[in-house]
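The file final.cif comes next; it holds mmCIF, C-alpha atoms.
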data_start
#
loop_
_atom_site.label_atom_id
_atom_site.label_comp_id
_atom_site.auth_asym_id
_atom_site.auth_seq_id
_atom_site.Cartn_x
_atom_site.Cartn_y
_atom_site.Cartn_z
CA MET A 1 -95.11 -8.95 16.91
CA ALA A 2 -91.78 -10.76 16.58
CA LEU A 3 -89.59 -10.93 19.64
CA PRO A 4 -86.02 -9.64 19.28
CA LEU A 5 -83.39 -12.28 18.67
CA VAL A 6 -80.95 -13.10 21.44
CA PRO A 7 -77.63 -14.99 21.11
CA PRO A 8 -76.93 -17.45 19.72
CA ALA A 9 -79.28 -15.92 17.13
CA CYS A 10 -78.81 -12.48 15.60
CA ASP A 11 -80.33 -10.15 13.02
CA PRO A 12 -77.55 -8.88 10.69
CA ALA A 13 -79.24 -5.46 10.60
CA THR A 14 -78.34 -5.03 14.29
CA VAL A 15 -74.61 -5.56 13.66
CA THR A 16 -72.75 -2.26 13.35
CA PRO A 17 -71.27 -1.94 9.86
CA ARG A 18 -67.57 -1.27 9.33
CA ALA A 19 -67.01 1.13 6.44
CA GLY A 20 -63.23 1.57 6.38
CA SER A 21 -60.27 -0.33 5.01
CA GLY A 22 -56.84 -1.08 6.40
CA TYR A 23 -55.33 -0.66 2.95
CA PRO A 24 -52.99 2.28 2.39
CA GLU A 25 -53.57 4.59 -0.55
CA PRO A 26 -53.65 4.28 -3.49
CA TYR A 27 -55.47 0.97 -2.80
CA ARG A 28 -57.98 2.14 -0.17
CA SER A 29 -59.96 4.28 -2.63
CA ARG A 30 -60.32 1.28 -4.96
CA VAL A 31 -62.37 -0.62 -2.36
CA LEU A 32 -64.32 2.16 -0.65
CA PRO A 33 -67.15 2.67 -0.16
CA ARG A 34 -67.95 -0.80 1.05
CA GLU A 35 -69.66 -2.03 4.17
CA LYS A 36 -68.81 -5.11 6.22
CA ARG A 37 -70.88 -6.48 9.08
CA ALA A 38 -68.79 -8.90 11.18
CA LEU A 39 -71.48 -11.49 11.84
CA GLY A 40 -69.16 -13.94 13.57
CA ASP A 41 -67.74 -11.28 15.87
CA ALA A 42 -71.24 -10.30 16.95
CA LEU A 43 -71.70 -13.78 18.41
CA GLY A 44 -68.20 -14.16 19.83
CA LEU A 45 -66.82 -16.52 17.17
CA THR A 46 -63.03 -16.59 17.28
CA LEU A 47 -61.95 -19.38 14.93
CA ILE A 48 -63.94 -18.35 11.84
CA GLY A 49 -64.73 -14.97 10.39
CA VAL A 50 -68.03 -14.25 8.67
CA ASN A 51 -68.67 -10.88 7.04
CA LEU A 52 -71.84 -9.71 5.34
CA THR A 53 -70.33 -7.37 2.76
CA THR A 54 -72.00 -4.77 0.55
CA LEU A 55 -69.83 -3.58 -2.33
CA ALA A 56 -70.74 -0.41 -4.21
CA PRO A 57 -70.85 -0.26 -8.02
CA GLY A 58 -67.42 0.07 -9.60
CA LYS A 59 -65.54 -1.03 -6.48
CA GLU A 60 -63.17 -3.94 -5.77
CA SER A 61 -63.40 -6.25 -2.76
CA SER A 62 -59.63 -6.20 -2.31
CA MET A 63 -56.49 -6.21 -4.37
CA ARG A 64 -55.88 -9.57 -6.12
CA HIS A 65 -54.29 -11.84 -3.50
CA TRP A 66 -54.03 -15.28 -1.93
CA HIS A 67 -53.67 -16.26 1.74
CA THR A 68 -50.91 -18.40 3.20
CA LEU A 69 -52.92 -19.91 6.08
CA GLU A 70 -56.58 -19.00 5.64
CA ASP A 71 -59.27 -20.70 3.60
CA GLU A 72 -61.83 -18.33 2.07
CA LEU A 73 -65.34 -18.80 0.74
CA VAL A 74 -67.50 -16.08 -0.84
CA TYR A 75 -71.25 -16.68 -1.37
CA VAL A 76 -73.26 -14.16 -3.43
CA LEU A 77 -76.61 -13.15 -1.94
CA GLU A 78 -77.71 -10.21 -4.15
CA GLY A 79 -76.43 -8.70 -7.38
CA GLU A 80 -73.70 -9.66 -9.83
CA LEU A 81 -70.07 -9.93 -8.84
CA THR A 82 -67.12 -10.53 -11.15
CA LEU A 83 -64.55 -12.97 -9.80
CA VAL A 84 -61.12 -11.96 -11.11
CA THR A 85 -58.30 -14.49 -10.69
CA ASP A 86 -54.82 -14.84 -12.13
CA ASP A 87 -56.47 -17.27 -14.59
CA GLY A 88 -59.30 -15.00 -15.84
CA GLU A 89 -62.78 -13.81 -14.95
CA GLN A 90 -66.19 -15.32 -14.14
CA LEU A 91 -69.54 -13.72 -13.35
CA LEU A 92 -71.13 -14.81 -10.07
CA ARG A 93 -74.84 -14.36 -9.42
CA PRO A 94 -77.01 -14.97 -6.34
CA GLY A 95 -76.64 -18.53 -5.10
CA THR A 96 -73.18 -19.05 -6.59
CA TYR A 97 -69.95 -19.04 -4.68
CA ALA A 98 -66.17 -19.33 -4.93
CA GLY A 99 -63.63 -20.84 -2.56
CA PHE A 100 -59.89 -20.62 -2.11
CA ALA A 101 -57.80 -23.06 -0.10
CA ALA A 102 -55.08 -21.73 2.19
CA GLY A 103 -51.74 -21.69 0.41
CA ALA A 104 -53.25 -22.17 -3.08
CA LYS A 105 -51.31 -19.60 -5.10
CA LEU A 106 -54.26 -18.30 -7.11
CA GLY A 107 -54.63 -14.54 -6.73
CA HIS A 108 -58.28 -13.50 -6.56
CA GLN A 109 -60.52 -10.52 -5.98
CA PHE A 110 -64.13 -9.55 -6.66
CA VAL A 111 -65.23 -6.51 -8.65
CA ASN A 112 -68.70 -4.98 -8.84
CA ARG A 113 -69.02 -3.98 -12.49
CA SER A 114 -72.79 -3.54 -12.25
CA ASP A 115 -74.75 -0.39 -11.49
CA GLN A 116 -76.22 -1.82 -8.26
CA PRO A 117 -74.70 -2.73 -4.88
CA VAL A 118 -73.75 -6.38 -4.40
CA ARG A 119 -74.19 -8.27 -1.11
CA TYR A 120 -72.23 -11.39 -0.28
CA LEU A 121 -70.91 -13.47 2.59
CA GLU A 122 -67.16 -13.78 3.20
CA ILE A 123 -66.23 -16.77 5.35
CA SER A 124 -62.73 -17.74 6.46
CA ASN A 125 -60.77 -19.31 9.25
CA ARG A 126 -58.70 -16.97 11.39
CA ASP A 127 -55.00 -17.58 11.71
CA PRO A 128 -52.80 -15.02 13.48
CA LYS A 129 -49.81 -16.12 11.38
CA ASP A 130 -51.61 -15.61 8.06
CA ALA A 131 -50.08 -13.43 5.37
CA ALA A 132 -51.33 -12.38 1.95
CA VAL A 133 -49.46 -12.33 -1.32
CA TYR A 134 -50.67 -9.75 -3.88
CA THR A 135 -50.30 -11.14 -7.38
CA ASP A 136 -51.07 -8.09 -9.54
CA PRO A 137 -47.64 -6.73 -10.56
CA ALA A 138 -49.06 -3.19 -10.37
CA VAL A 139 -49.91 -3.62 -6.66
CA ASP A 140 -46.75 -2.97 -4.64
CA MET A 141 -47.93 -4.40 -1.34
CA VAL A 142 -47.47 -7.30 1.07
CA TYR A 143 -49.59 -8.09 4.14
CA GLU A 144 -48.83 -9.73 7.44
CA GLN A 145 -50.21 -9.52 10.96
CA SER A 146 -48.49 -8.07 14.00
CA PRO A 147 -48.32 -10.23 17.16
CA ASP A 148 -51.49 -8.50 18.42
CA GLY A 149 -53.34 -9.29 15.16
CA GLU A 150 -53.18 -5.81 13.64
CA PRO A 151 -52.64 -5.65 9.86
CA ILE A 152 -49.24 -4.56 8.58
CA PHE A 153 -48.96 -3.40 4.98
CA LYS A 154 -45.57 -2.86 3.39
CA ARG A 155 -44.17 -2.39 -0.07
CA ARG A 156 -42.55 -5.42 -1.68
CA ASP A 157 -39.10 -4.02 -0.78
CA GLY A 158 -40.14 -4.03 2.90
CA THR A 159 -40.58 -0.28 3.34
CA PRO A 160 -43.73 0.71 5.27
CA TYR A 161 -46.64 2.67 3.90
#

Let's see the structure in the file written out as structure tokens.
Amino acid sequence: MALPLVPPACDPATVTPRAGSGYPEPYRSRVLPREKRALGDALGLTLIGVNLTTLAPGKESSMRHWHTLEDELVYVLEGELTLVTDDGEQLLRPGTYAGFAAGAKLGHQFVNRSDQPVRYLEISNRDPKDAAVYTDPAVDMVYEQSPDGEPIFKRRDGTPY
């Protein structure tokens, strides 16, 4: 019989999943349902974020965006995930990954075009001054963080959702 893991080790199955999204409509329904398990938070990590994400068939990870101050890396564990960037599309399979440097103005998102859930790791640094730029002209949204770290979504003209 295996003993339960204790920090600094952890079983991802014991991390409570987050099923919501901070996005306002009409964007929220494009990403949900999805499930994120904040693996880094479970162990008290504060400088990097690590999410174990499960994305349902037909759903998007986010709207196409880039970050001003955060690096991102996505590593596919199970299933097929389409990487959509401002430059085109690529299919990612288990064991492949994509990375985006902070400030690199390449909008990106992931889409599950398969008929099965996809599981992947999202890894990034955490910067309270980070903002996101959404590059799809059809997505009228900007993102920044409040002083307490809460997400703020506005329209491009500055009006709130």

Counting all atoms listed in the file, which residues have an atom no more than 12 Å from (-51.6, -7.1, 11.1) in the file's coordinates? Please list them as number ranges by chain. A: 22-23, 127-132, 142-154

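Residue selection for this entry, given the PyMOL selection byres ((chain A and resi 116) around 8), comprises Ala56, Pro57, Gly79, Ser114, Asp115, Pro117 and Val118 of chain A.
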
Residue nearest Asn51 (chain A) - candidates A:Ala104, A:Leu39, A:Leu73, A:Ala19, atoms counted: only C-alpha atoms: A:Leu39

Excluding Gly58 (chain A) and its own-chain neighbours fewer than 2 positions away, which residues fall within 9 Å of it when counting all atoms listed in the file? Please give them as a list in words. Arg30, Val31, Leu55, Ala56, Glu60, Val111, Asn112, Arg113, Ser114 and Asp115 of chain A

Check what the PyMOL selection byres ((chain A and resi 78) around 9) selects in the file above and give those residues as number ranges by chain. A: 76-77, 79-81, 93-95, 117-120
